[in-house]
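Asker: Dropping in my_file-v3.cif, with mmCIF, C-alpha atoms and all ligand atoms.
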data_model
loop_
_atom_site.label_atom_id
_atom_site.label_comp_id
_atom_site.auth_asym_id
_atom_site.auth_seq_id
_atom_site.Cartn_x
_atom_site.Cartn_y
_atom_site.Cartn_z
CA LYS A 17 119.79 67.02 123.83
CA ASN A 18 121.22 68.72 126.83
CA ILE A 19 123.61 66.18 128.32
CA PRO A 20 127.10 66.45 126.79
CA ALA A 21 128.65 63.04 126.21
CA THR A 22 131.68 61.72 124.37
CA LEU A 23 131.18 59.13 121.64
CA ILE A 24 134.07 56.90 120.57
CA PRO A 25 133.20 54.67 117.60
CA GLY A 26 136.30 52.51 118.13
CA ASP A 27 137.80 49.80 115.95
CA GLY A 28 136.67 46.69 114.09
CA ILE A 29 132.92 46.22 114.58
CA GLY A 30 132.88 49.39 116.72
CA PRO A 31 131.59 51.84 114.08
CA GLU A 32 128.84 49.43 112.95
CA ILE A 33 127.46 48.75 116.41
CA VAL A 34 127.83 52.39 117.49
CA GLU A 35 125.83 53.47 114.43
CA SER A 36 123.12 50.95 115.32
CA VAL A 37 122.97 52.11 118.94
CA ILE A 38 122.83 55.80 118.00
CA GLU A 39 119.93 55.08 115.66
CA ILE A 40 117.99 53.53 118.51
CA LEU A 41 118.96 56.21 121.03
CA ASP A 42 117.78 58.85 118.55
CA ALA A 43 114.54 56.97 118.02
CA VAL A 44 113.66 57.25 121.73
CA GLY A 45 114.92 60.84 121.95
CA ALA A 46 117.90 60.16 124.23
CA PRO A 47 119.20 63.42 125.75
CA PHE A 48 122.87 63.05 124.78
CA ASP A 49 124.67 65.81 122.92
CA TRP A 50 127.46 63.76 121.34
CA ASP A 51 131.03 64.86 120.94
CA ARG A 52 132.59 62.33 118.54
CA GLN A 53 136.22 61.51 119.30
CA LEU A 54 138.80 58.99 118.19
CA ALA A 55 140.71 56.35 120.13
CA GLY A 56 142.47 53.09 119.33
CA MET A 57 143.70 52.07 115.89
CA ALA A 58 141.28 54.53 114.28
CA ALA A 59 143.11 57.30 116.15
CA VAL A 60 146.53 55.89 115.26
CA ASP A 61 145.58 55.97 111.58
CA ALA A 62 144.23 59.52 111.78
CA THR A 63 146.66 61.17 114.19
CA GLY A 64 149.47 58.73 114.98
CA ASN A 65 148.37 58.66 118.62
CA PRO A 66 146.08 55.90 119.99
CA LEU A 67 144.64 58.27 122.58
CA PRO A 68 144.71 61.88 121.33
CA ALA A 69 144.69 64.69 123.91
CA GLN A 70 141.43 65.93 122.37
CA THR A 71 139.70 62.68 123.31
CA ILE A 72 140.93 62.89 126.89
CA GLU A 73 139.86 66.55 127.10
CA SER A 74 136.43 65.68 125.79
CA ILE A 75 135.85 63.06 128.49
CA HIS A 76 137.19 65.46 131.14
CA ARG A 77 134.60 67.97 129.95
CA THR A 78 131.60 65.62 129.62
CA GLY A 79 132.38 63.10 132.37
CA LEU A 80 130.38 60.64 130.31
CA ALA A 81 131.31 58.42 127.37
CA LEU A 82 129.96 55.66 125.19
CA LYS A 83 132.81 53.71 123.71
CA GLY A 84 133.09 51.12 120.96
CA PRO A 85 135.74 48.41 121.38
CA LEU A 86 139.37 49.31 120.75
CA THR A 87 141.94 47.03 119.20
CA THR A 88 144.99 46.53 121.41
CA PRO A 89 148.10 45.01 119.91
CA VAL A 90 149.20 41.84 121.71
CA GLY A 91 152.73 41.95 123.09
CA GLY A 92 154.51 45.10 121.87
CA GLY A 93 152.93 48.21 120.41
CA PHE A 94 151.10 50.67 122.63
CA LYS A 95 149.69 50.15 126.09
CA SER A 96 146.00 49.22 126.26
CA ILE A 97 143.90 52.37 125.80
CA ASN A 98 141.22 50.87 127.96
CA VAL A 99 143.67 50.54 130.83
CA THR A 100 144.94 54.10 130.22
CA LEU A 101 141.40 55.51 130.25
CA ARG A 102 140.60 53.69 133.47
CA GLN A 103 143.69 55.17 135.10
CA GLU A 104 143.26 58.70 133.68
CA PHE A 105 139.68 59.00 134.94
CA GLY A 106 139.98 56.83 138.04
CA LEU A 107 137.34 54.44 136.70
CA TYR A 108 137.70 52.13 139.65
CA ALA A 109 134.52 50.09 139.36
CA ASN A 110 133.67 47.91 136.41
CA LEU A 111 130.04 46.91 136.61
CA ARG A 112 129.01 43.92 134.50
CA PRO A 113 125.42 42.74 134.78
CA THR A 114 124.39 39.39 133.35
CA HIS A 115 120.82 38.32 132.80
CA THR A 116 119.07 35.83 130.59
CA ILE A 117 117.24 37.38 127.65
CA VAL A 118 117.54 34.64 125.06
CA PRO A 119 115.10 31.87 125.97
CA GLY A 120 115.95 28.21 125.45
CA GLY A 121 119.65 28.66 126.13
CA ARG A 122 121.66 26.66 128.59
CA PHE A 123 120.59 28.75 131.57
CA GLU A 124 117.23 30.39 132.19
CA ASN A 125 116.58 33.16 134.71
CA ILE A 126 120.15 34.21 135.30
CA ASP A 127 120.32 37.58 137.00
CA LEU A 128 123.63 38.51 138.54
CA VAL A 129 126.03 41.42 138.61
CA LEU A 130 129.79 41.24 138.69
CA VAL A 131 131.75 44.16 140.13
CA ARG A 132 135.37 44.14 139.04
CA GLU A 133 138.08 46.28 140.58
CA ASN A 134 139.41 48.15 137.59
CA LEU A 135 142.66 49.89 138.54
CA GLU A 136 144.94 47.62 140.52
CA GLY A 137 145.86 43.95 140.86
CA TYR A 138 147.89 42.30 138.14
CA TYR A 139 146.70 44.76 135.50
CA ALA A 140 148.96 47.42 136.92
CA ALA A 141 151.27 45.77 134.34
CA MET A 142 154.52 45.96 136.29
CA GLU A 143 156.23 43.57 133.96
CA SER A 144 159.79 42.97 133.03
CA TYR A 145 161.93 40.57 131.10
CA ILE A 146 165.14 39.28 132.58
CA PRO A 147 167.52 37.73 130.06
CA VAL A 148 169.44 34.93 131.75
CA GLY A 149 172.61 33.93 129.96
CA ASP A 150 171.55 32.64 126.59
CA ASP A 151 167.95 33.58 125.86
CA PRO A 152 166.27 30.16 126.33
CA HIS A 153 166.68 30.73 130.07
CA GLY A 154 165.13 34.21 130.06
CA ILE A 155 162.48 35.00 132.63
CA ALA A 156 159.39 37.16 132.31
CA THR A 157 158.09 38.59 135.57
CA GLY A 158 154.90 40.34 136.49
CA ALA A 159 153.90 41.97 139.75
CA GLY A 160 150.66 43.39 141.00
CA TYR A 161 149.43 45.39 143.93
CA ASN A 162 146.19 45.95 145.78
CA SER A 163 145.80 48.86 148.13
CA ARG A 164 143.74 48.70 151.31
CA ALA A 165 141.86 51.86 150.32
CA GLU A 166 140.94 50.54 146.89
CA CYS A 167 139.87 47.11 148.20
CA ASN A 168 137.65 48.88 150.69
CA ARG A 169 136.23 51.21 148.05
CA ILE A 170 135.37 48.48 145.53
CA VAL A 171 133.68 46.24 148.08
CA ARG A 172 131.76 49.25 149.41
CA PHE A 173 130.68 50.02 145.83
CA ALA A 174 129.33 46.46 145.52
CA PHE A 175 127.40 46.65 148.79
CA GLU A 176 126.00 50.09 147.97
CA TYR A 177 124.95 48.77 144.58
CA ALA A 178 123.24 45.85 146.32
CA VAL A 179 121.35 48.14 148.69
CA LYS A 180 120.25 50.54 145.94
CA ASN A 181 119.20 47.78 143.56
CA ASN A 182 117.45 45.64 146.10
CA ARG A 183 119.90 42.78 145.88
CA LYS A 184 120.32 40.39 148.76
CA LYS A 185 123.79 38.92 148.67
CA VAL A 186 127.38 39.90 147.89
CA THR A 187 130.02 37.24 147.20
CA LEU A 188 133.65 38.18 147.82
CA VAL A 189 135.82 36.31 145.29
CA HIS A 190 139.52 35.92 146.10
CA LYS A 191 142.51 33.61 146.09
CA ALA A 192 143.71 34.36 149.59
CA ASN A 193 144.74 30.75 150.16
CA ILE A 194 147.67 31.19 147.75
CA LEU A 195 148.10 34.94 147.22
CA LYS A 196 147.82 35.47 150.94
CA LEU A 197 148.78 39.13 150.93
CA LEU A 198 147.76 40.36 147.48
CA THR A 199 144.22 39.02 147.60
CA GLY A 200 144.21 38.43 151.36
CA LEU A 201 144.03 42.19 151.74
CA PHE A 202 140.96 42.28 149.51
CA LEU A 203 139.28 39.61 151.62
CA GLU A 204 140.21 41.35 154.87
CA GLU A 205 138.76 44.69 153.73
CA GLY A 206 135.78 42.88 152.22
CA ARG A 207 134.89 41.28 155.55
CA LYS A 208 135.27 44.64 157.27
CA VAL A 209 132.91 46.41 154.88
CA ALA A 210 130.45 43.49 154.97
CA LYS A 211 130.04 43.96 158.74
CA GLU A 212 128.65 47.44 158.16
CA TYR A 213 125.88 45.96 156.01
CA GLU A 214 125.01 43.12 158.39
CA GLY A 215 121.28 42.46 158.47
CA ARG A 216 120.78 44.31 155.19
CA VAL A 217 122.95 42.42 152.70
CA GLU A 218 124.18 38.86 153.13
CA VAL A 219 127.84 38.15 152.45
CA ASN A 220 129.68 35.02 151.45
CA GLU A 221 133.13 34.12 150.14
CA ARG A 222 134.41 32.00 147.27
CA ILE A 223 137.89 31.12 146.11
CA VAL A 224 138.09 32.15 142.46
CA ASP A 225 138.66 28.75 140.86
CA ALA A 226 135.86 27.13 142.84
CA CYS A 227 133.73 30.16 141.97
CA ALA A 228 134.29 29.54 138.25
CA MET A 229 133.04 25.98 138.68
CA GLN A 230 130.07 27.09 140.79
CA LEU A 231 129.11 29.70 138.18
CA VAL A 232 128.70 26.93 135.63
CA ILE A 233 127.07 24.33 137.92
CA ASP A 234 124.70 26.62 139.80
CA PRO A 235 124.83 30.27 138.70
CA TRP A 236 121.53 31.06 140.43
CA GLN A 237 123.23 31.04 143.85
CA PHE A 238 124.97 34.31 142.93
CA ASP A 239 123.56 37.80 143.19
CA VAL A 240 126.34 40.43 143.34
CA ILE A 241 129.94 39.25 142.93
CA VAL A 242 132.87 41.52 143.77
CA THR A 243 136.46 40.70 142.96
CA THR A 244 139.89 41.97 141.98
CA ASN A 245 140.89 43.03 138.47
CA LEU A 246 142.23 39.90 136.77
CA PHE A 247 139.69 37.53 138.32
CA GLY A 248 136.90 39.94 137.39
CA ASP A 249 138.05 40.13 133.80
CA ILE A 250 138.01 36.37 133.42
CA LEU A 251 134.84 35.65 135.40
CA SER A 252 132.86 38.33 133.55
CA ASP A 253 133.53 36.65 130.20
CA LEU A 254 132.43 33.42 131.83
CA THR A 255 129.18 34.98 133.04
CA ALA A 256 128.63 36.45 129.55
CA GLY A 257 128.86 32.88 128.28
CA LEU A 258 125.98 31.86 130.54
CA VAL A 259 123.54 34.10 128.69
CA GLY A 260 124.46 33.89 125.03
CA GLY A 261 128.02 35.13 124.82
CA LEU A 262 129.85 38.38 124.45
CA GLY A 263 127.23 39.88 122.16
CA MET A 264 124.93 40.07 125.19
CA ALA A 265 127.32 41.49 127.82
CA PRO A 266 127.36 45.21 128.64
CA GLY A 267 129.68 46.99 131.06
CA ALA A 268 130.12 50.31 132.81
CA ASN A 269 133.41 51.76 134.06
CA ILE A 270 132.53 54.07 136.90
CA GLY A 271 134.83 56.50 138.64
CA GLU A 272 134.94 59.78 140.45
CA LYS A 273 135.68 61.91 137.41
CA ALA A 274 133.79 60.08 134.71
CA ALA A 275 131.77 57.05 133.67
CA VAL A 276 132.54 55.15 130.47
CA PHE A 277 130.03 52.69 129.05
CA GLU A 278 131.02 49.89 126.69
CA ALA A 279 130.40 46.30 125.65
CA VAL A 280 132.51 43.65 127.36
CA HIS A 281 133.59 42.27 123.99
CA GLY A 282 136.43 43.48 121.80
CA SER A 283 136.65 44.75 118.23
CA ALA A 284 135.94 41.30 116.69
CA PRO A 285 138.18 41.77 113.65
CA ASP A 286 137.02 38.40 112.28
CA ILE A 287 133.54 39.78 111.54
CA ALA A 288 134.24 43.51 111.19
CA GLY A 289 132.64 45.39 108.31
CA LYS A 290 130.41 42.44 107.38
CA ASN A 291 127.11 43.50 108.94
CA LEU A 292 127.36 40.47 111.26
CA ALA A 293 128.02 42.08 114.66
CA ASN A 294 125.47 41.90 117.44
CA PRO A 295 124.88 45.47 118.66
CA LEU A 296 122.95 44.40 121.77
CA ALA A 297 125.86 44.41 124.22
CA LEU A 298 126.65 48.03 123.37
CA LEU A 299 122.94 48.89 123.32
CA MET A 300 122.58 47.49 126.83
CA ALA A 301 125.63 49.54 127.84
CA ALA A 302 123.87 52.62 126.42
CA ASN A 303 120.90 51.62 128.58
CA MET A 304 123.13 51.62 131.65
CA MET A 305 124.25 55.09 130.58
CA LEU A 306 120.63 56.26 130.37
CA GLN A 307 120.02 54.89 133.87
CA HIS A 308 123.17 56.62 135.06
CA VAL A 309 121.74 60.00 133.99
CA GLY A 310 118.33 59.23 135.49
CA ARG A 311 116.48 58.29 132.30
CA GLN A 312 115.17 54.92 133.48
CA ASP A 313 112.10 55.60 131.34
CA LEU A 314 114.06 55.55 128.08
CA ALA A 315 116.17 52.59 129.19
CA ALA A 316 112.99 50.63 129.92
CA ARG A 317 111.63 51.33 126.43
CA ILE A 318 114.82 50.08 124.79
CA ASP A 319 114.95 47.10 127.13
CA GLY A 320 111.37 46.26 126.15
CA ALA A 321 112.27 46.33 122.46
CA ILE A 322 115.30 44.08 123.02
CA LYS A 323 113.24 41.54 124.95
CA SER A 324 110.45 41.53 122.44
CA VAL A 325 112.74 41.06 119.43
CA ILE A 326 114.93 38.45 121.07
CA THR A 327 112.23 36.37 122.73
CA THR A 328 110.17 35.96 119.55
CA GLY A 329 113.40 34.78 117.96
CA GLU A 330 112.49 36.06 114.49
CA VAL A 331 115.39 38.45 114.18
CA ARG A 332 118.66 37.42 115.76
CA THR A 333 122.27 37.83 114.75
CA ARG A 334 124.46 34.85 113.95
CA ASP A 335 126.11 34.66 117.38
CA LEU A 336 122.63 33.96 118.79
CA GLY A 337 121.88 31.32 116.19
CA GLY A 338 120.00 33.64 113.82
CA THR A 339 120.65 34.93 110.32
CA ALA A 340 119.97 38.66 110.70
CA GLY A 341 122.64 41.29 110.15
CA THR A 342 123.39 44.27 112.38
CA ARG A 343 121.19 46.50 110.25
CA GLU A 344 118.22 44.10 110.12
CA LEU A 345 118.31 43.71 113.89
CA THR A 346 118.51 47.48 114.33
CA ALA A 347 115.45 47.97 112.11
CA ALA A 348 113.55 45.28 114.02
CA LEU A 349 114.42 46.92 117.35
CA LYS A 350 113.21 50.31 116.14
CA GLN A 351 109.93 48.76 115.05
CA LYS A 352 109.36 47.28 118.50
CA LEU A 353 109.98 50.53 120.39
CA VAL A 354 106.80 51.68 122.07
P1 LIG A 401 136.53 39.84 120.78
O1 LIG A 401 135.58 40.06 121.90
O2 LIG A 401 136.74 40.96 119.86
O3 LIG A 401 136.03 38.59 119.93
C1 LIG A 401 135.91 37.27 120.46
C2 LIG A 401 134.92 36.46 119.61
O4 LIG A 401 133.59 36.92 119.87
C3 LIG A 401 135.13 36.64 118.11
O5 LIG A 401 134.86 35.43 117.47
C4 LIG A 401 134.11 37.67 117.72
O6 LIG A 401 133.67 37.58 116.40
C5 LIG A 401 132.98 37.41 118.69
N1 LIG A 401 132.26 38.64 119.02
C6 LIG A 401 132.69 39.64 119.83
N2 LIG A 401 131.78 40.63 119.87
C7 LIG A 401 130.75 40.25 119.09
C8 LIG A 401 129.52 40.86 118.72
N3 LIG A 401 129.15 42.06 119.18
N4 LIG A 401 128.71 40.20 117.86
C9 LIG A 401 129.05 38.99 117.39
N5 LIG A 401 130.20 38.35 117.70
C10 LIG A 401 131.05 38.98 118.54
O7 LIG A 401 137.89 39.37 121.44
P2 LIG A 401 139.33 39.20 120.78
O8 LIG A 401 139.20 38.62 119.42
O9 LIG A 401 140.09 38.49 121.81
O10 LIG A 401 139.93 40.67 120.68
C11 LIG A 401 139.94 41.46 119.51
C12 LIG A 401 140.51 42.84 119.85
O11 LIG A 401 139.66 43.54 120.74
C13 LIG A 401 141.88 42.78 120.53
O12 LIG A 401 142.69 43.79 119.97
C14 LIG A 401 141.57 43.09 121.98
O13 LIG A 401 142.64 43.68 122.64
C15 LIG A 401 140.42 44.04 121.83
N6 LIG A 401 139.53 44.11 123.02
C16 LIG A 401 139.03 45.33 123.34
C17 LIG A 401 138.14 45.49 124.38
C18 LIG A 401 137.60 46.84 124.65
O14 LIG A 401 137.84 47.78 123.93
N7 LIG A 401 136.81 47.00 125.70
C19 LIG A 401 137.73 44.34 125.21
C20 LIG A 401 138.27 43.07 124.75
C21 LIG A 401 139.15 42.98 123.70
MG MG A 402 138.06 41.26 129.17
#
Translate this file's structure into structure tokens.
Answerer:
Amino acid sequence: KNIPATLIPGDGIGPEIVESVIEILDAVGAPFDWDRQLAGMAAVDATGNPLPAQTIESIHRTGLALKGPLTTPVGGGFKSINVTLRQEFGLYANLRPTHTIVPGGRFENIDLVLVRENLEGYYAAMESYIPVGDDPHGIATGAGYNSRAECNRIVRFAFEYAVKNNRKKVTLVHKANILKLLTGLFLEEGRKVAKEYEGRVEVNERIVDACAMQLVIDPWQFDVIVTTNLFGDILSDLTAGLVGGLGMAPGANIGEKAAVFEAVHGSAPDIAGKNLANPLALLMAANMMLQHVGRQDLAARIDGAIKSVITTGEVRTRDLGGTAGTRELTAALKQKLV
């Protein structure tokens, strides 16, 4: 265990699925030397601060984290910790792969990757409320920004990913017909970067709403998708839905100073503490983390166990139509490790 890494159990179902994933990582002898830290509501309860300095220091030291979901209050309360972490560590690329594992679902043989810009766009949260006379006429405003440098960097990330992972096509997703400047800049930089990859990686363009429709009608046309923050957030939940839902969707936040691996889903308070959560999304995120540190061998073993448990269909959690609990699935996965 010689690779220092930060472990954040998180809120809601977080501790249950993190425990499951650690059991499996231990079973294959994963090289991570965990530094357990708090964030989210768990940290508020323990320290009064949703993101303690100790947690930030730990990630600065390790540059690597596996994170359970964090509960974010809607409306008031504190700012999203996920957004804060992305900003603190410059986690500019959010990589969300989607592929079919569960057979007999709506879509077979899906294999696509969505790259979401993670720092800018509308999630810069420049919001304000303007009271107008009596309150019924009040106005809420929100602004966003995209920088040329960041648009260039995220599209380049997508093309580099395509080259390294032997993928053939990158789709630039935008709304430059309406948001002519905000997402027009993304498209402009996207086309520029695409030129450098001419002959190696094909490029095409989709307007985001049409893209959402196309993803449902014919998802197989897509290979790598790259888009701005808000669109990427929405479309990546959509792509998760193509392959069995949020319980099957892992993600990696990659930046210059650190990489943070997590499931796409949230803390699922409705099923927390009931042994009902599907740990596979976080387990697949842990697999991405293993690949990130060059342990493709271990990732492949875990991947094999997931495929073998899920394809036989004997042991599945409720979100995948089964009856197994988190712990039963974990035990089944361990048994299938070779
Ligand atoms: P959610 O993803 O937690 O849950 C949506 C639905 O999917 C629920 O019915 C839930 O039971 C189900 N679900 C989610 N993960 C599952 C799993 N692993 N196994 C089985 N079923 C699963 O989204 P929701 O309810 O909108 O958000 C709850 C909290 O999570 C909020 O405070 C939100 O801000 C936070 N959140 C945190 C994220 C993060 O830390 N990366 C991402 C998304 C939401
Ligand atoms: Mg989301």
Asker: Choose the residue, out of A:Pro113, A:Pro235, A:Gly121, A:Gly137, that has the smallest atom-to-atom separation from Tyr177 of chain A; count only C-alpha atoms.
Answerer: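 The closest residue to Tyr177 of chain A is A:Pro113.
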Asker: List all protein, DNA and RNA residues that have any atom at most 8 Å from ligand LIG 401 (chain A), counting only C-alpha atoms and all ligand atoms, and write the list as a PDB file with C-alpha atoms, keeping the file's coordinate frame.
Answerer:
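Written output follows (part_3.pdb):
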ATOM      1  CA  GLY A  26     136.300  52.510 118.130  1.00  0.00           C
ATOM      2  CA  GLY A  28     136.670  46.690 114.090  1.00  0.00           C
ATOM      3  CA  ILE A  29     132.920  46.220 114.580  1.00  0.00           C
ATOM      4  CA  ILE A  33     127.460  48.750 116.410  1.00  0.00           C
ATOM      5  CA  LYS A  83     132.810  53.710 123.710  1.00  0.00           C
ATOM      6  CA  GLY A  84     133.090  51.120 120.960  1.00  0.00           C
ATOM      7  CA  PRO A  85     135.740  48.410 121.380  1.00  0.00           C
ATOM      8  CA  LEU A  86     139.370  49.310 120.750  1.00  0.00           C
ATOM      9  CA  THR A  87     141.940  47.030 119.200  1.00  0.00           C
ATOM     10  CA  THR A  88     144.990  46.530 121.410  1.00  0.00           C
ATOM     11  CA  PRO A  89     148.100  45.010 119.910  1.00  0.00           C
ATOM     12  CA  VAL A  90     149.200  41.840 121.710  1.00  0.00           C
ATOM     13  CA  SER A  96     146.000  49.220 126.260  1.00  0.00           C
ATOM     14  CA  ILE A  97     143.900  52.370 125.800  1.00  0.00           C
ATOM     15  CA  ASN A  98     141.220  50.870 127.960  1.00  0.00           C
ATOM     16  CA  GLY A 261     128.020  35.130 124.820  1.00  0.00           C
ATOM     17  CA  LEU A 262     129.850  38.380 124.450  1.00  0.00           C
ATOM     18  CA  GLY A 263     127.230  39.880 122.160  1.00  0.00           C
ATOM     19  CA  MET A 264     124.930  40.070 125.190  1.00  0.00           C
ATOM     20  CA  GLU A 278     131.020  49.890 126.690  1.00  0.00           C
ATOM     21  CA  ALA A 279     130.400  46.300 125.650  1.00  0.00           C
ATOM     22  CA  VAL A 280     132.510  43.650 127.360  1.00  0.00           C
ATOM     23  CA  HIS A 281     133.590  42.270 123.990  1.00  0.00           C
ATOM     24  CA  GLY A 282     136.430  43.480 121.800  1.00  0.00           C
ATOM     25  CA  SER A 283     136.650  44.750 118.230  1.00  0.00           C
ATOM     26  CA  ALA A 284     135.940  41.300 116.690  1.00  0.00           C
ATOM     27  CA  PRO A 285     138.180  41.770 113.650  1.00  0.00           C
ATOM     28  CA  ASP A 286     137.020  38.400 112.280  1.00  0.00           C
ATOM     29  CA  ILE A 287     133.540  39.780 111.540  1.00  0.00           C
ATOM     30  CA  ALA A 288     134.240  43.510 111.190  1.00  0.00           C
ATOM     31  CA  LEU A 292     127.360  40.470 111.260  1.00  0.00           C
ATOM     32  CA  ALA A 293     128.020  42.080 114.660  1.00  0.00           C
ATOM     33  CA  ASN A 294     125.470  41.900 117.440  1.00  0.00           C
ATOM     34  CA  PRO A 295     124.880  45.470 118.660  1.00  0.00           C
ATOM     35  CA  LEU A 296     122.950  44.400 121.770  1.00  0.00           C
ATOM     36  CA  ALA A 297     125.860  44.410 124.220  1.00  0.00           C
ATOM     37  CA  LEU A 298     126.650  48.030 123.370  1.00  0.00           C
ATOM     38  CA  THR A 333     122.270  37.830 114.750  1.00  0.00           C
ATOM     39  CA  ARG A 334     124.460  34.850 113.950  1.00  0.00           C
ATOM     40  CA  ASP A 335     126.110  34.660 117.380  1.00  0.00           C
TER      41      ASP A 335
END
Asker: Calculated over all atoms listed in the file, which of the candidates A:Ala165, A:Ile75, A:Leu306, A:Leu251 has the smallest distance to Val131 of chain A?
Answerer: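 Closest to Val131 of chain A of all the choices is A:Leu251.
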Asker: Fewer than 2 positions away in the same chain doesn't count, so skip those; otherwise give me all residues within 8 Å of Pro47 of chain A, counting all atoms listed in the file, as a ChimeraX atom specification.
Answerer: /A:17-19,45,49
Asker: Padding 8 Å on each side, edges along x, y and z: where is the centre of the box around the listed atoms of segment 344-349 of chain A, and how long are its edges in Å to one decimal? Output it as lines of an AutoDock Vina configuration file.
Answerer:
center_x = 116.0
center_y = 45.8
center_z = 113.7
size_x = 21.0
size_y = 20.3
size_z = 23.2
Asker: Rounded to one decimal in Å, what is the spacing between atom CA of Glu73 of chain A and atom CA of Asp51 of chain A?
Answerer: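 These two atoms are separated by 10.9 Å.
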